[in-house]
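Colleague: Just protein.txt, nothing more (compact mmCIF, C-alpha atoms):
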# COMPACT_ATOMS: atom_id res chain seq x y z
CA MET A 1 -28.19 36.54 23.24
CA MET A 2 -24.65 35.89 21.94
CA LYS A 3 -23.28 35.59 18.41
CA ARG A 4 -20.69 33.08 17.21
CA ASN A 5 -17.82 34.53 15.16
CA VAL A 6 -14.73 33.10 13.44
CA TRP A 7 -11.48 34.92 12.62
CA ASN A 8 -8.63 32.91 11.02
CA GLY A 9 -9.93 29.75 12.70
CA VAL A 10 -10.38 31.42 16.10
CA GLU A 11 -13.98 30.95 17.21
CA TYR A 12 -15.36 33.41 19.75
CA LEU A 13 -18.61 34.82 21.14
CA THR A 14 -19.89 38.40 21.23
CA PHE A 15 -22.93 40.28 22.53
CA PRO A 16 -24.83 42.14 19.78
CA ALA A 17 -25.97 44.70 22.38
CA LEU A 18 -22.35 45.59 23.19
CA GLU A 19 -21.44 45.79 19.50
CA GLU A 20 -24.38 48.12 18.92
CA THR A 21 -22.93 50.69 21.35
CA GLY A 22 -20.31 51.42 18.69
CA VAL A 23 -17.65 52.29 21.28
CA VAL A 24 -16.09 48.92 22.17
CA LYS A 25 -14.55 45.74 20.84
CA HIS A 26 -15.01 42.60 22.87
CA LEU A 27 -15.11 38.82 22.82
CA PHE A 28 -15.45 35.72 24.95
CA SER A 29 -13.13 32.95 23.80
CA THR A 30 -13.98 29.31 23.12
CA ARG A 31 -11.69 26.27 23.04
CA ILE A 32 -11.50 26.57 19.24
CA GLY A 33 -8.60 28.03 17.25
CA GLY A 34 -5.53 27.79 19.48
CA VAL A 35 -2.36 25.69 19.51
CA SER A 36 -2.42 24.08 22.97
CA GLU A 37 -2.65 20.30 23.26
CA GLY A 38 -4.19 17.63 25.46
CA ILE A 39 -6.42 18.88 28.27
CA PHE A 40 -5.55 22.44 27.22
CA SER A 41 -6.66 22.02 23.61
CA THR A 42 -6.68 24.28 21.93
CA MET A 43 -7.27 27.89 22.99
CA ASN A 44 -5.97 27.84 26.57
CA LEU A 45 -5.37 31.31 28.03
CA SER A 46 -3.76 30.36 31.35
CA TYR A 47 -0.04 30.44 32.16
CA THR A 48 -0.55 28.79 35.56
CA ARG A 49 -2.21 25.43 34.83
CA GLY A 50 0.77 23.58 33.34
CA ASP A 51 0.52 24.43 29.65
CA LYS A 52 3.57 25.39 27.59
CA LYS A 53 4.28 29.14 27.76
CA GLU A 54 4.97 29.38 24.03
CA ALA A 55 1.58 27.85 23.27
CA VAL A 56 -0.24 30.27 25.57
CA ASP A 57 1.71 33.18 24.07
CA GLU A 58 0.55 32.16 20.59
CA ASN A 59 -3.03 31.76 21.80
CA PHE A 60 -2.98 35.31 23.17
CA ARG A 61 -1.52 36.57 19.87
CA ARG A 62 -4.43 34.97 18.03
CA ILE A 63 -6.97 36.54 20.37
CA ALA A 64 -5.25 39.90 19.88
CA GLY A 65 -5.52 39.40 16.13
CA ALA A 66 -9.25 38.70 16.37
CA LEU A 67 -9.61 41.96 18.32
CA GLY A 68 -7.45 43.93 15.90
CA GLY A 69 -4.87 44.67 18.58
CA ASP A 70 -1.57 43.46 20.03
CA ILE A 71 -0.77 41.40 23.12
CA SER A 72 0.92 44.48 24.59
CA ASP A 73 -2.55 46.10 24.73
CA PHE A 74 -3.82 43.52 27.24
CA VAL A 75 -4.14 44.15 30.97
CA LEU A 76 -4.79 40.93 32.89
CA SER A 77 -6.71 40.48 36.12
CA ASP A 78 -5.31 38.71 39.21
CA GLN A 79 -8.37 36.72 40.21
CA THR A 80 -8.82 35.40 43.74
CA HIS A 81 -12.64 35.59 44.06
CA THR A 82 -12.61 39.08 45.59
CA THR A 83 -14.79 42.09 44.80
CA ASN A 84 -11.73 44.31 44.27
CA VAL A 85 -11.86 46.52 41.17
CA ARG A 86 -8.79 48.23 39.69
CA LYS A 87 -8.74 51.39 37.59
CA VAL A 88 -6.53 50.72 34.56
CA THR A 89 -4.51 53.33 32.66
CA VAL A 90 -2.16 53.27 29.69
CA GLU A 91 0.76 52.67 32.09
CA ASP A 92 -0.74 49.25 32.84
CA LYS A 93 -0.72 48.03 29.23
CA GLY A 94 0.92 44.63 28.90
CA LYS A 95 0.73 43.73 32.58
CA GLY A 96 0.29 40.03 33.15
CA ILE A 97 1.49 39.08 29.70
CA VAL A 98 4.55 41.09 28.54
CA LYS A 99 5.15 42.84 31.87
CA GLU A 100 4.86 41.70 35.47
CA LYS A 101 1.68 42.61 37.32
CA ASP A 102 2.29 45.00 40.22
CA TYR A 103 -1.13 44.30 41.76
CA ARG A 104 -2.79 41.32 43.41
CA ASP A 105 -6.32 40.17 44.24
CA VAL A 106 -8.08 42.01 41.42
CA ASP A 107 -11.25 40.45 39.97
CA GLY A 108 -12.57 43.58 38.26
CA LEU A 109 -10.97 46.07 35.84
CA ILE A 110 -12.23 49.46 34.62
CA THR A 111 -10.88 52.08 32.22
CA ASP A 112 -11.87 55.07 30.10
CA GLU A 113 -8.75 55.00 27.92
CA PRO A 114 -8.92 53.67 24.33
CA GLY A 115 -6.31 51.16 23.19
CA ILE A 116 -6.38 49.13 26.40
CA ILE A 117 -7.89 45.63 26.31
CA LEU A 118 -9.13 44.43 29.71
CA ALA A 119 -8.85 40.66 30.23
CA THR A 120 -10.39 38.29 32.78
CA PHE A 121 -10.48 34.47 32.85
CA TYR A 122 -12.98 31.65 33.30
CA ALA A 123 -13.85 27.98 33.44
CA ASP A 124 -17.37 28.11 34.99
CA CYS A 125 -17.53 31.53 36.71
CA VAL A 126 -19.46 34.44 35.20
CA PRO A 127 -17.90 37.17 33.02
CA LEU A 128 -19.54 40.58 33.45
CA PHE A 129 -19.11 43.15 30.64
CA LEU A 130 -20.10 46.77 31.36
CA VAL A 131 -20.16 49.58 28.76
CA ASP A 132 -21.01 53.23 29.49
CA LYS A 133 -21.33 54.84 26.07
CA LYS A 134 -22.14 58.28 27.51
CA HIS A 135 -18.87 58.60 29.46
CA ARG A 136 -16.92 56.19 27.21
CA ALA A 137 -15.97 53.97 30.11
CA ILE A 138 -15.91 50.19 30.50
CA GLY A 139 -15.69 47.50 33.15
CA LEU A 140 -14.96 43.78 33.05
CA SER A 141 -15.36 41.57 36.13
CA HIS A 142 -15.05 37.93 37.17
CA SER A 143 -17.96 36.71 39.27
CA GLY A 144 -17.94 33.26 40.84
CA TRP A 145 -20.31 32.50 43.69
CA LYS A 146 -18.22 34.62 46.06
CA GLY A 147 -18.13 37.54 43.65
CA THR A 148 -21.84 37.17 42.99
CA VAL A 149 -22.87 37.14 46.65
CA GLY A 150 -20.45 40.05 47.19
CA LYS A 151 -22.14 41.85 44.28
CA ILE A 152 -19.02 42.54 42.23
CA GLY A 153 -21.28 43.81 39.44
CA GLU A 154 -22.47 46.60 41.72
CA CYS A 155 -18.91 47.16 42.96
CA THR A 156 -17.76 47.60 39.36
CA LEU A 157 -20.56 50.07 38.67
CA TYR A 158 -19.63 52.03 41.80
CA ALA A 159 -15.95 52.12 40.78
CA MET A 160 -16.95 53.43 37.35
CA LYS A 161 -19.17 56.07 38.96
CA GLU A 162 -16.36 57.23 41.25
CA ALA A 163 -13.76 57.29 38.48
CA TYR A 164 -15.74 58.42 35.45
CA GLY A 165 -19.15 59.67 36.58
CA THR A 166 -20.97 56.60 35.23
CA LYS A 167 -24.67 56.27 36.02
CA PRO A 168 -26.27 52.79 36.10
CA GLU A 169 -29.04 53.84 33.72
CA ASP A 170 -26.42 54.59 31.04
CA VAL A 171 -24.72 51.17 31.23
CA VAL A 172 -25.16 48.24 28.85
CA VAL A 173 -24.34 44.91 30.54
CA GLY A 174 -23.44 41.49 29.17
CA ILE A 175 -23.61 38.45 31.49
CA GLY A 176 -21.48 35.86 29.72
CA PRO A 177 -21.05 32.08 29.49
CA SER A 178 -20.66 30.19 32.75
CA ILE A 179 -22.07 27.17 34.52
CA CYS A 180 -25.88 27.06 34.33
CA LYS A 181 -28.35 26.40 37.12
CA LYS A 182 -28.94 22.81 36.01
CA CYS A 183 -25.22 22.04 36.40
CA TYR A 184 -24.32 24.17 39.41
CA GLU A 185 -24.98 22.16 42.55
CA ILE A 186 -23.94 23.72 45.86
CA GLY A 187 -24.11 22.73 49.50
CA LYS A 188 -26.20 24.22 52.28
CA ASP A 189 -23.26 26.30 53.51
CA VAL A 190 -23.12 28.31 50.27
CA ALA A 191 -26.90 28.36 49.89
CA ASP A 192 -27.23 29.90 53.37
CA ILE A 193 -24.91 32.76 52.37
CA PHE A 194 -27.14 33.57 49.39
CA VAL A 195 -30.23 33.42 51.60
CA GLU A 196 -28.56 35.97 53.87
CA HIS A 197 -27.61 38.39 51.08
CA PHE A 198 -30.63 38.25 48.76
CA SER A 199 -34.31 38.98 49.38
CA GLU A 200 -36.88 36.21 49.72
CA GLU A 201 -38.36 37.12 46.33
CA ILE A 202 -35.00 36.92 44.54
CA LYS A 203 -33.96 33.81 46.45
CA GLN A 204 -36.95 31.95 44.98
CA GLU A 205 -35.66 32.70 41.47
CA ILE A 206 -31.99 31.85 41.97
CA LEU A 207 -31.89 29.01 44.52
CA PHE A 208 -33.55 25.61 44.14
CA ASP A 209 -33.65 22.96 46.90
CA LYS A 210 -32.79 19.46 45.65
CA GLY A 211 -33.09 17.90 49.09
CA GLY A 212 -30.39 16.22 51.13
CA GLY A 213 -28.66 19.54 51.78
CA LYS A 214 -28.04 20.12 48.06
CA TYR A 215 -29.18 23.12 46.04
CA LEU A 216 -28.99 24.40 42.47
CA LEU A 217 -27.84 28.01 42.00
CA ASP A 218 -28.58 30.28 39.03
CA LEU A 219 -25.56 32.58 38.79
CA TRP A 220 -26.88 34.28 35.63
CA LYS A 221 -30.13 35.32 37.28
CA ALA A 222 -28.36 36.28 40.52
CA ASN A 223 -26.03 38.65 38.65
CA TYR A 224 -28.98 39.98 36.67
CA TYR A 225 -30.66 40.97 39.93
CA VAL A 226 -27.45 42.51 41.26
CA PHE A 227 -27.40 44.86 38.26
CA LEU A 228 -31.15 45.46 38.36
CA MET A 229 -31.03 46.42 42.05
CA ALA A 230 -28.06 48.68 41.32
CA GLY A 231 -30.15 50.65 38.82
CA VAL A 232 -29.29 49.16 35.42
CA PRO A 233 -32.49 48.97 33.30
CA ALA A 234 -33.66 45.42 32.54
CA ASP A 235 -33.64 46.07 28.79
CA LYS A 236 -29.94 46.96 28.94
CA ILE A 237 -28.90 43.61 30.44
CA SER A 238 -28.07 40.76 28.03
CA ILE A 239 -27.80 37.27 29.51
CA THR A 240 -26.17 34.37 27.70
CA ASP A 241 -27.78 30.95 27.42
CA ILE A 242 -24.47 29.13 26.86
CA CYS A 243 -23.31 26.89 29.72
CA THR A 244 -19.65 25.99 30.10
CA CYS A 245 -20.42 22.71 31.87
CA CYS A 246 -23.01 21.61 29.26
CA ASN A 247 -20.51 22.27 26.44
CA PRO A 248 -17.12 20.94 27.66
CA GLY A 249 -15.85 20.33 24.13
CA TYR A 250 -16.52 23.93 23.17
CA LEU A 251 -15.77 25.75 26.44
CA PHE A 252 -13.51 24.94 29.37
CA SER A 253 -15.40 23.81 32.48
CA HIS A 254 -13.78 23.12 35.82
CA ARG A 255 -16.64 20.91 36.96
CA ALA A 256 -17.03 18.96 33.76
CA SER A 257 -13.28 18.28 33.51
CA HIS A 258 -12.73 17.71 37.25
CA GLY A 259 -10.12 20.47 37.14
CA LYS A 260 -8.19 19.14 34.15
CA ARG A 261 -8.58 22.12 31.84
CA GLY A 262 -7.35 25.45 30.53
CA ASN A 263 -8.93 28.89 30.84
CA LEU A 264 -11.30 30.86 28.67
CA GLY A 265 -10.93 34.64 28.42
CA ALA A 266 -13.21 37.67 28.34
CA PHE A 267 -11.80 40.74 26.59
CA LEU A 268 -13.13 44.30 26.40
CA GLY A 269 -11.58 47.48 25.03
CA LEU A 270 -12.66 50.98 24.00
CA LEU A 271 -12.31 51.89 20.35
So, in terms of structure tokens, how does the structure I just supplied come out?
Modeller:
Amino acid sequence: MMKRNVWNGVEYLTFPALEETGVVKHLFSTRIGGVSEGIFSTMNLSYTRGDKKEAVDENFRRIAGALGGDISDFVLSDQTHTTNVRKVTVEDKGKGIVKEKDYRDVDGLITDEPGIILATFYADCVPLFLVDKKHRAIGLSHSGWKGTVGKIGECTLYAMKEAYGTKPEDVVVGIGPSICKKCYEIGKDVADIFVEHFSEEIKQEILFDKGGGKYLLDLWKANYYVFLMAGVPADKISITDICTCCNPGYLFSHRASHGKRGNLGAFLGLL
């Protein structure tokens, strides 16, 4: 479902279905092609985990190069596992990287303005890419278990509808690399929240009882159903098969590294 690409040593992943829309550029980063060292090696995209600022700056410049843009085009999220979605305009360009952010608690970003590159960050949570070719509008959201149970995918669709007139049937969705169901063990407390918010039929496909109060959760399938229930056609939803936790040398994983890691990035912009 995803394609591996290399630009000047920077390795990244893309969705063919998003490329085929012809209206966006996008990528999901890997650990390959940056300048960071140690636990952050090499393509770390976080300023807040202890890496050197100059290294992170250079990593962002390399990502911008792969996208054919500039770091001043980026608008960064402020992720705190909410379902808050922010409408981004040209005035926001550079926020979080060359300018201070004047917003907090934002896990989703939307825009209909070309030249802006939306950016969200990951190390096991799910990146959600949304492209509305008809209205030339996009959304990019960070969905951990809290965002998934809060249906941030649907919240992003609703924000795009309110701002740009987007209809779910016109949207192409990419559900990107994150922790897979075989790796994602949760406790009964989290499992009970999913039982409360999803139907019995869906619960049987996303939640698996291991016994002893432990469960396995399929975040990819859960987000797929969020979009499906919100009206996005099944054939317009692409789901990755690349797990962050299964591939800790290729992708940053919080669980696999026990928190000693950098951040991956998802990037999406209108042409």
Colleague: Mind pulling up the distance from CA of His197 in chain A to CA of Arg255 in chain A?
Modeller: 25.0 Å
Colleague: As a list in words, please: the residues near range 211-227 of chain A (cut-off 7 Å, only C-alpha atoms, same-chain neighbours under 2 positions excluded).
Modeller: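 The residues satisfying every condition are Thr148, Lys151, Gly153, Glu154, Ile175, Cys180, Lys181, Lys182, Tyr184, Glu185, Ile186, Gly187, Lys188, Ala191, Ile206, Leu207, Phe208, Asp209, Met229, Ala230, Gly231, Val232 and Ile239 of chain A.
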Colleague: Of the candidates A:Tyr103, A:Gly262, A:Ile242, A:Ser143, which one gets nearest to Gly38 in chain A if we count all atoms listed in the file?
Modeller: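 Between A:Tyr103, A:Gly262, A:Ile242, A:Ser143, the residue approaching Gly38 in chain A most closely is A:Gly262.
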Colleague: Skipping near chain neighbours, those fewer than 6 positions away, what residues fall within 9 Å of Ile63 in chain A using all atoms listed in the file, listed as a PyMOL selection string?
Modeller: chain A and resi 10+12+27+29+34+69-71+267
Colleague: For the residues selected in the previous step, produce a file with C-alpha atoms as a compact mmCIF listing (two decimals), in the coordinates of the input.
Modeller:
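Everything below was put into result28.txt:
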# COMPACT_ATOMS: atom_id res chain seq x y z
CA VAL A 10 -10.38 31.42 16.10
CA TYR A 12 -15.36 33.41 19.75
CA LEU A 27 -15.11 38.82 22.82
CA SER A 29 -13.13 32.95 23.80
CA GLY A 34 -5.53 27.79 19.48
CA GLY A 69 -4.87 44.67 18.58
CA ASP A 70 -1.57 43.46 20.03
CA ILE A 71 -0.77 41.40 23.12
CA PHE A 267 -11.80 40.74 26.59
Colleague: So that I can see what lies close to Glu91 in chain A, please list as a list in words the residues with an atom at most 12 Å from it, counting all atoms listed in the file and leaving out residues fewer than 3 positions away in the same chain.
Modeller: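 So the residues in contact are Ser72, Asp73, Phe74, Val75, Lys87, Val88, Gly94, Lys95, Lys99, Lys101, Asp102, Thr111, Glu113, Gly115 and Ile116 of chain A.
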Colleague: If I put a ball of radius 9 Å at (-4.5, 32.3, 17.7) in the file's coordinates, which residues poke into it when counting only C-alpha atoms, written as a tab-separated table (two decimals) with C-alpha atoms, in the frame of the given file?
Modeller:
chain	number	residue	atom	x	y	z
A	8	ASN	CA	-8.63	32.91	11.02
A	9	GLY	CA	-9.93	29.75	12.70
A	10	VAL	CA	-10.38	31.42	16.10
A	33	GLY	CA	-8.60	28.03	17.25
A	34	GLY	CA	-5.53	27.79	19.48
A	35	VAL	CA	-2.36	25.69	19.51
A	43	MET	CA	-7.27	27.89	22.99
A	57	ASP	CA	1.71	33.18	24.07
A	58	GLU	CA	0.55	32.16	20.59
A	59	ASN	CA	-3.03	31.76	21.80
A	60	PHE	CA	-2.98	35.31	23.17
A	61	ARG	CA	-1.52	36.57	19.87
A	62	ARG	CA	-4.43	34.97	18.03
A	63	ILE	CA	-6.97	36.54	20.37
A	64	ALA	CA	-5.25	39.90	19.88
A	65	GLY	CA	-5.52	39.40	16.13
A	66	ALA	CA	-9.25	38.70	16.37
Colleague: With a distance cut-off of 8 Å and only C-alpha atoms, select the neighbouring residues of range 123-130 of chain A, excluding the residue or stretch itself and same-chain residues fewer than 2 positions from it, and output the selection as a PDB file with C-alpha atoms, in the frame of the given file.
Modeller:
ATOM      1  CA  THR A 120     -10.390  38.290  32.780  1.00  0.00           C
ATOM      2  CA  PHE A 121     -10.480  34.470  32.850  1.00  0.00           C
ATOM      3  CA  ASP A 132     -21.010  53.230  29.490  1.00  0.00           C
ATOM      4  CA  ILE A 138     -15.910  50.190  30.500  1.00  0.00           C
ATOM      5  CA  GLY A 139     -15.690  47.500  33.150  1.00  0.00           C
ATOM      6  CA  LEU A 140     -14.960  43.780  33.050  1.00  0.00           C
ATOM      7  CA  SER A 141     -15.360  41.570  36.130  1.00  0.00           C
ATOM      8  CA  HIS A 142     -15.050  37.930  37.170  1.00  0.00           C
ATOM      9  CA  SER A 143     -17.960  36.710  39.270  1.00  0.00           C
ATOM     10  CA  GLY A 144     -17.940  33.260  40.840  1.00  0.00           C
ATOM     11  CA  TRP A 145     -20.310  32.500  43.690  1.00  0.00           C
ATOM     12  CA  GLY A 153     -21.280  43.810  39.440  1.00  0.00           C
ATOM     13  CA  VAL A 171     -24.720  51.170  31.230  1.00  0.00           C
ATOM     14  CA  VAL A 172     -25.160  48.240  28.850  1.00  0.00           C
ATOM     15  CA  VAL A 173     -24.340  44.910  30.540  1.00  0.00           C
ATOM     16  CA  GLY A 174     -23.440  41.490  29.170  1.00  0.00           C
ATOM     17  CA  ILE A 175     -23.610  38.450  31.490  1.00  0.00           C
ATOM     18  CA  GLY A 176     -21.480  35.860  29.720  1.00  0.00           C
ATOM     19  CA  PRO A 177     -21.050  32.080  29.490  1.00  0.00           C
ATOM     20  CA  SER A 178     -20.660  30.190  32.750  1.00  0.00           C
ATOM     21  CA  ILE A 179     -22.070  27.170  34.520  1.00  0.00           C
ATOM     22  CA  LEU A 219     -25.560  32.580  38.790  1.00  0.00           C
ATOM     23  CA  TRP A 220     -26.880  34.280  35.630  1.00  0.00           C
ATOM     24  CA  THR A 244     -19.650  25.990  30.100  1.00  0.00           C
ATOM     25  CA  CYS A 245     -20.420  22.710  31.870  1.00  0.00           C
ATOM     26  CA  LEU A 251     -15.770  25.750  26.440  1.00  0.00           C
ATOM     27  CA  PHE A 252     -13.510  24.940  29.370  1.00  0.00           C
ATOM     28  CA  SER A 253     -15.400  23.810  32.480  1.00  0.00           C
ATOM     29  CA  HIS A 254     -13.780  23.120  35.820  1.00  0.00           C
ATOM     30  CA  ARG A 255     -16.640  20.910  36.960  1.00  0.00           C
ATOM     31  CA  GLY A 262      -7.350  25.450  30.530  1.00  0.00           C
ATOM     32  CA  ASN A 263      -8.930  28.890  30.840  1.00  0.00           C
ATOM     33  CA  LEU A 264     -11.300  30.860  28.670  1.00  0.00           C
ATOM     34  CA  ALA A 266     -13.210  37.670  28.340  1.00  0.00           C
ATOM     35  CA  LEU A 268     -13.130  44.300  26.400  1.00  0.00           C
TER      36      LEU A 268
END
Colleague: List every protein, DNA or RNA residue that has an atom no more than 12 Å from (-16.4, 60.5, 32.9) in the file's coordinate frame, counting all atoms listed in the file, and report them as a list in words.
Modeller: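 Residues satisfying the cut-off, written out: Ile110, Thr111, Asp112, Glu113, Asp132, Lys133, Lys134, His135, Arg136, Ala137, Ile138, Ala159, Met160, Lys161, Glu162, Ala163, Tyr164, Gly165, Thr166, Lys167 and Asp170 of chain A.
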Colleague: Hey, can you check how far CA of His81 in chain A sits from CA of Gly150 in chain A?
Modeller: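 Interatomic distance, CA of His81 in chain A to CA of Gly150 in chain A: 9.5 Å.
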Colleague: Taking into account only C-alpha atoms, which residue in the set A:Glu19, A:Asp107, A:Ala119, A:Phe40 is nearest to Gly259 in chain A?
Modeller: A:Phe40
Colleague: Could you check how far CA of Val90 in chain A sits from CA of Asp51 in chain A, in Å to one decimal?
Modeller: 29.0 Å
Colleague: Return as lines of an AutoDock Vina configuration file the centre and edge lengths, in Å with one decimal, of the box along x, y and z that encloses every atom of range 184-187 of chain A in the file, padded by 8 Å per side.
Modeller:
center_x = -24.5
center_y = 23.2
center_z = 44.5
size_x = 17.0
size_y = 18.0
size_z = 26.1
Colleague: Go through A:Lys52, A:Lys236, A:Lys210, A:Arg261 one by one, measure the shortest atom-to-atom distance of each to Pro248 in chain A using all atoms listed in the file, and give the residue with the smallest value.
Modeller: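 For Pro248 in chain A, the nearest of the candidates is A:Arg261.
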Colleague: Using all atoms listed in the file for the distances, tell me which of A:Leu18, A:Ile202, A:Cys246, A:Leu13 is nearest to Gly265 in chain A.
Modeller: A:Leu13
Colleague: A:Val85, A:Val195, A:Leu118, A:Cys183: which is nearest Leu157 in chain A, counting only C-alpha atoms?
Modeller: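 Smallest separation from Leu157 in chain A among the options: A:Val85.
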Colleague: For Asn44 in chain A, which residue among A:Thr14, A:Phe194, A:Tyr122, A:Asp235 is the nearest when counting all atoms listed in the file?
Modeller: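 For Asn44 in chain A, the nearest of the candidates is A:Tyr122.
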Colleague: Missing atoms in range 95-119 of chain A need filling: write out N, CA and C atoms for it as a PDB file, in the frame of the given file.
Modeller:
ATOM      1  N   LYS A  95       0.511  44.374  31.280  1.00  0.00           N
ATOM      2  CA  LYS A  95       0.730  43.730  32.580  1.00  0.00           C
ATOM      3  C   LYS A  95       0.008  42.386  32.655  1.00  0.00           C
ATOM      4  N   GLY A  96       0.787  41.384  33.052  1.00  0.00           N
ATOM      5  CA  GLY A  96       0.290  40.030  33.150  1.00  0.00           C
ATOM      6  C   GLY A  96       0.620  39.180  31.948  1.00  0.00           C
ATOM      7  N   ILE A  97       1.166  39.837  30.913  1.00  0.00           N
ATOM      8  CA  ILE A  97       1.490  39.080  29.700  1.00  0.00           C
ATOM      9  C   ILE A  97       2.859  39.434  29.134  1.00  0.00           C
ATOM     10  N   VAL A  98       3.189  40.705  28.965  1.00  0.00           N
ATOM     11  CA  VAL A  98       4.550  41.090  28.540  1.00  0.00           C
ATOM     12  C   VAL A  98       5.275  41.855  29.627  1.00  0.00           C
ATOM     13  N   LYS A  99       4.565  42.189  30.694  1.00  0.00           N
ATOM     14  CA  LYS A  99       5.150  42.840  31.870  1.00  0.00           C
ATOM     15  C   LYS A  99       4.587  42.190  33.121  1.00  0.00           C
ATOM     16  N   GLU A 100       5.353  42.252  34.206  1.00  0.00           N
ATOM     17  CA  GLU A 100       4.860  41.700  35.470  1.00  0.00           C
ATOM     18  C   GLU A 100       3.705  42.548  36.003  1.00  0.00           C
ATOM     19  N   LYS A 101       2.745  41.887  36.618  1.00  0.00           N
ATOM     20  CA  LYS A 101       1.680  42.610  37.320  1.00  0.00           C
ATOM     21  C   LYS A 101       2.244  43.171  38.631  1.00  0.00           C
ATOM     22  N   ASP A 102       1.886  44.409  38.939  1.00  0.00           N
ATOM     23  CA  ASP A 102       2.290  45.000  40.220  1.00  0.00           C
ATOM     24  C   ASP A 102       1.067  45.165  41.117  1.00  0.00           C
ATOM     25  N   TYR A 103       0.087  44.282  40.953  1.00  0.00           N
ATOM     26  CA  TYR A 103      -1.130  44.300  41.760  1.00  0.00           C
ATOM     27  C   TYR A 103      -1.548  42.850  42.002  1.00  0.00           C
ATOM     28  N   ARG A 104      -2.295  42.650  43.060  1.00  0.00           N
ATOM     29  CA  ARG A 104      -2.790  41.320  43.410  1.00  0.00           C
ATOM     30  C   ARG A 104      -4.259  41.415  43.803  1.00  0.00           C
ATOM     31  N   ASP A 105      -4.935  40.277  43.761  1.00  0.00           N
ATOM     32  CA  ASP A 105      -6.320  40.170  44.240  1.00  0.00           C
ATOM     33  C   ASP A 105      -7.248  41.167  43.547  1.00  0.00           C
ATOM     34  N   VAL A 106      -7.237  41.119  42.228  1.00  0.00           N
ATOM     35  CA  VAL A 106      -8.080  42.010  41.420  1.00  0.00           C
ATOM     36  C   VAL A 106      -8.973  41.162  40.519  1.00  0.00           C
ATOM     37  N   ASP A 107     -10.289  41.197  40.778  1.00  0.00           N
ATOM     38  CA  ASP A 107     -11.250  40.450  39.970  1.00  0.00           C
ATOM     39  C   ASP A 107     -12.052  41.337  39.029  1.00  0.00           C
ATOM     40  N   GLY A 108     -11.876  42.655  39.140  1.00  0.00           N
ATOM     41  CA  GLY A 108     -12.570  43.580  38.260  1.00  0.00           C
ATOM     42  C   GLY A 108     -11.620  44.642  37.731  1.00  0.00           C
ATOM     43  N   LEU A 109     -11.805  45.052  36.480  1.00  0.00           N
ATOM     44  CA  LEU A 109     -10.970  46.070  35.840  1.00  0.00           C
ATOM     45  C   LEU A 109     -11.870  47.111  35.194  1.00  0.00           C
ATOM     46  N   ILE A 110     -11.493  48.386  35.285  1.00  0.00           N
ATOM     47  CA  ILE A 110     -12.230  49.460  34.620  1.00  0.00           C
ATOM     48  C   ILE A 110     -11.247  50.392  33.930  1.00  0.00           C
ATOM     49  N   THR A 111     -11.701  51.049  32.877  1.00  0.00           N
ATOM     50  CA  THR A 111     -10.880  52.080  32.220  1.00  0.00           C
ATOM     51  C   THR A 111     -11.761  52.998  31.397  1.00  0.00           C
ATOM     52  N   ASP A 112     -11.224  54.170  31.069  1.00  0.00           N
ATOM     53  CA  ASP A 112     -11.870  55.070  30.100  1.00  0.00           C
ATOM     54  C   ASP A 112     -10.886  55.461  29.016  1.00  0.00           C
ATOM     55  N   GLU A 113      -9.789  54.696  28.889  1.00  0.00           N
ATOM     56  CA  GLU A 113      -8.750  55.000  27.920  1.00  0.00           C
ATOM     57  C   GLU A 113      -8.791  54.028  26.744  1.00  0.00           C
ATOM     58  N   PRO A 114      -8.938  54.538  25.516  1.00  0.00           N
ATOM     59  CA  PRO A 114      -8.920  53.670  24.330  1.00  0.00           C
ATOM     60  C   PRO A 114      -7.567  52.989  24.171  1.00  0.00           C
ATOM     61  N   GLY A 115      -7.565  51.853  23.475  1.00  0.00           N
ATOM     62  CA  GLY A 115      -6.310  51.160  23.190  1.00  0.00           C
ATOM     63  C   GLY A 115      -5.904  50.156  24.232  1.00  0.00           C
ATOM     64  N   ILE A 116      -6.618  50.112  25.351  1.00  0.00           N
ATOM     65  CA  ILE A 116      -6.380  49.130  26.400  1.00  0.00           C
ATOM     66  C   ILE A 116      -7.411  48.011  26.247  1.00  0.00           C
ATOM     67  N   ILE A 117      -6.964  46.764  26.349  1.00  0.00           N
ATOM     68  CA  ILE A 117      -7.890  45.630  26.310  1.00  0.00           C
ATOM     69  C   ILE A 117      -7.885  44.956  27.678  1.00  0.00           C
ATOM     70  N   LEU A 118      -8.976  45.080  28.408  1.00  0.00           N
ATOM     71  CA  LEU A 118      -9.130  44.430  29.710  1.00  0.00           C
ATOM     72  C   LEU A 118      -9.324  42.932  29.487  1.00  0.00           C
ATOM     73  N   ALA A 119      -8.759  42.108  30.386  1.00  0.00           N
ATOM     74  CA  ALA A 119      -8.850  40.660  30.230  1.00  0.00           C
ATOM     75  C   ALA A 119      -9.076  39.963  31.558  1.00  0.00           C
TER      76      ALA A 119
END
